[in-house]
Amino acid sequence: MLWLWEQPIFSTRAHVFQIDPATKRNWIPASKHALTVSYFYDATRNVYRIISVGGTKAIINSTITPNMTFTKTSQKFGQWADSRANTVYGLGFASEQHLSQFAEKFQEVKEAARLAREKSQDKTELTNPALNITSHQVLPSTVISSNGPGDDKLFRSQSADVEITTEKERLKKMLSEGSVPEVQWEAEFFTLQDNNNKLVAALQEANASVEQWKKQLAAYQEETETLQLRVAELELQRAHDSSSEGSKEELNQTLEELELLIKAKDEEIQQLKSQKSSQWETEGEREEMLQKLQELEGRNTELERRLHVAEQTLAEQLAEREKMQGEVTKVGELMDVKIFELSELRQGLAKLVESN
């Protein structure tokens, strides 16, 4: 029963449970959904209570006393025993932070209840010696041992007894109407709820990663196709270079022939020079021989020029060939790296799909 002069000092939401009176082990859920659980302070009676209402009935109505203890049994579950209600209450919170806040408030309220009791006892000790009690007031004097006038104490004691009886009857009715779940239903429920939230977040993150990997895979495939086209072009150019090797061999053969011819002409010139003194009998023959010598020298010069041009052309072709071979090697290495990365990406994607 919630009095009008009681004020809430702290509220939170939690799943409410009560211990099974038969087994003293299993928890019985008080409702299907989380309820508001509040600390109330009754200024007129100077007491603190934990109250939770489900629909039109009070699920929890527990007066806090200094000898009560709130125990954390897991990261999100706590419990306390209420001897007046003859039961144990359990609360399942959405987070560990909510449980810690409730436990801290329990300690504060428990300490406040202890101070209130000590203050009430001190007030009683100061008040009792000042009372002028006559012989016909002996019976009422036993009633005012802690709260002043006897009539007022008697009224409150009867009210408290009626309230306790009402609470016990309500508790028995609620226990008879409740359903007994599995042994660890409440713990598994909160654990599964947290795991479900984590799995949903992980699934969303995995889906985002899959989309990103798909885009990266498409980019790698496009780059691989480009590299394949480049390799095909280089192989075609290499084949063309291979076909030109035959012409290079012919050019080399021509150069060798020219070298042999130049060597032969040099020998002929030397022979002519050595024999010109003996062979020139007349001035006409001498002029003819000189003319032939000049023609041979001219031809020799032309052959040397052609040889030089042919050697330069051969050197340029060899350099170009080495450059093309270097490019083909680099492209081949790049293709191997990209193919390896593509294979790892596909394996990672396949594992991610299997895990989902």
# chains A, B, ... in the order shown; residues from 1 in each chain; ligands from 1
$ residues_around --residues "range 324-326 of chain A" --least-positions-apart "6" --cutoff "10 Å" --atoms "only C-alpha atoms" --output "NGL selection string"
:A and (234-235 or 237-238 or 241 or 318 or 332)
$ write_last_selection --atoms "N, CA and C atoms" --output "PDB file, in the first residue's frame"
ATOM      1  N   LEU A 234      52.348  -6.883 -74.455  1.00  0.00           N
ATOM      2  CA  LEU A 234      53.792  -7.115 -74.370  1.00  0.00           C
ATOM      3  C   LEU A 234      54.193  -8.444 -75.004  1.00  0.00           C
ATOM      4  N   GLU A 235      53.365  -9.479 -74.809  1.00  0.00           N
ATOM      5  CA  GLU A 235      53.677 -10.762 -75.447  1.00  0.00           C
ATOM      6  C   GLU A 235      53.608 -10.654 -76.970  1.00  0.00           C
ATOM      7  N   GLN A 237      54.182  -7.901 -78.700  1.00  0.00           N
ATOM      8  CA  GLN A 237      55.357  -7.161 -79.119  1.00  0.00           C
ATOM      9  C   GLN A 237      56.609  -8.031 -79.039  1.00  0.00           C
ATOM     10  N   ARG A 238      56.619  -8.897 -78.011  1.00  0.00           N
ATOM     11  CA  ARG A 238      57.754  -9.806 -77.888  1.00  0.00           C
ATOM     12  C   ARG A 238      57.796 -10.788 -79.067  1.00  0.00           C
ATOM     13  N   ASP A 241      59.174  -9.011 -81.874  1.00  0.00           N
ATOM     14  CA  ASP A 241      60.628  -8.911 -81.736  1.00  0.00           C
ATOM     15  C   ASP A 241      61.302 -10.218 -82.093  1.00  0.00           C
ATOM     16  N   LEU A 318      69.322  -4.313 -79.559  1.00  0.00           N
ATOM     17  CA  LEU A 318      69.594  -5.132 -78.376  1.00  0.00           C
ATOM     18  C   LEU A 318      69.148  -4.408 -77.102  1.00  0.00           C
ATOM     19  N   GLY A 332      54.876  -9.240 -65.005  1.00  0.00           N
ATOM     20  CA  GLY A 332      54.611 -10.597 -64.532  1.00  0.00           C
ATOM     21  C   GLY A 332      54.639 -10.670 -63.008  1.00  0.00           C
TER      22      GLY A 332
END
$ closest_atom_pairs --of "range 199-251 of chain A" --to "range 341-350 of chain A" --cutoff "9 Å" --atoms "only C-alpha atoms" --output "tab-separated table"
residue	atom	partner	partner_atom	distance
A:Val210	CA	A:Leu349	CA	7.0
A:Trp213	CA	A:Leu349	CA	7.3
A:Lys214	CA	A:Leu349	CA	8.4
A:Gln216	CA	A:Leu345	CA	8.8
A:Leu217	CA	A:Leu342	CA	7.1
A:Tyr220	CA	A:Leu342	CA	6.8
A:Gln221	CA	A:Leu342	CA	7.9
$ atom_distance --atom1 "CA of Ser83 in chain A" --atom2 "CA of Val47 in chain A"
15.9 Å
$ residues_around --residues "Phe106 in chain A" --least-positions-apart "3" --cutoff "9 Å" --atoms "only C-alpha atoms" --output "PyMOL selection string"
chain A and resi 39+64+69-70+101-103+109-111
$ write_last_selection --atoms "N, CA and C atoms" --output "PDB file, in the first residue's frame"
ATOM      1  N   TYR A  39      12.632   3.687  -4.726  1.00  0.00           N
ATOM      2  CA  TYR A  39      12.816   3.865  -3.288  1.00  0.00           C
ATOM      3  C   TYR A  39      11.872   4.979  -2.831  1.00  0.00           C
ATOM      4  N   ILE A  64      12.789  -1.303   4.244  1.00  0.00           N
ATOM      5  CA  ILE A  64      14.225  -1.522   4.430  1.00  0.00           C
ATOM      6  C   ILE A  64      14.584  -1.358   5.898  1.00  0.00           C
ATOM      7  N   THR A  69      20.567  -6.891   3.526  1.00  0.00           N
ATOM      8  CA  THR A  69      21.768  -6.854   2.685  1.00  0.00           C
ATOM      9  C   THR A  69      21.371  -7.100   1.237  1.00  0.00           C
ATOM     10  N   PHE A  70      21.860  -6.237   0.349  1.00  0.00           N
ATOM     11  CA  PHE A  70      21.648  -6.422  -1.090  1.00  0.00           C
ATOM     12  C   PHE A  70      22.886  -7.078  -1.681  1.00  0.00           C
ATOM     13  N   GLN A 101      24.177   1.305  -9.460  1.00  0.00           N
ATOM     14  CA  GLN A 101      23.447   2.454  -8.920  1.00  0.00           C
ATOM     15  C   GLN A 101      22.398   2.015  -7.904  1.00  0.00           C
ATOM     16  N   PHE A 102      21.669   0.946  -8.208  1.00  0.00           N
ATOM     17  CA  PHE A 102      20.651   0.460  -7.286  1.00  0.00           C
ATOM     18  C   PHE A 102      21.291  -0.027  -5.986  1.00  0.00           C
ATOM     19  N   ALA A 103      22.438  -0.742  -6.117  1.00  0.00           N
ATOM     20  CA  ALA A 103      23.111  -1.255  -4.923  1.00  0.00           C
ATOM     21  C   ALA A 103      23.634  -0.113  -4.053  1.00  0.00           C
ATOM     22  N   VAL A 109      20.176   4.078   1.686  1.00  0.00           N
ATOM     23  CA  VAL A 109      18.885   3.992   2.374  1.00  0.00           C
ATOM     24  C   VAL A 109      19.006   3.133   3.638  1.00  0.00           C
ATOM     25  N   LYS A 110      19.771   2.069   3.572  1.00  0.00           N
ATOM     26  CA  LYS A 110      19.989   1.203   4.733  1.00  0.00           C
ATOM     27  C   LYS A 110      20.659   1.989   5.862  1.00  0.00           C
ATOM     28  N   GLU A 111      21.669   2.806   5.507  1.00  0.00           N
ATOM     29  CA  GLU A 111      22.336   3.629   6.512  1.00  0.00           C
ATOM     30  C   GLU A 111      21.380   4.677   7.098  1.00  0.00           C
TER      31      GLU A 111
END
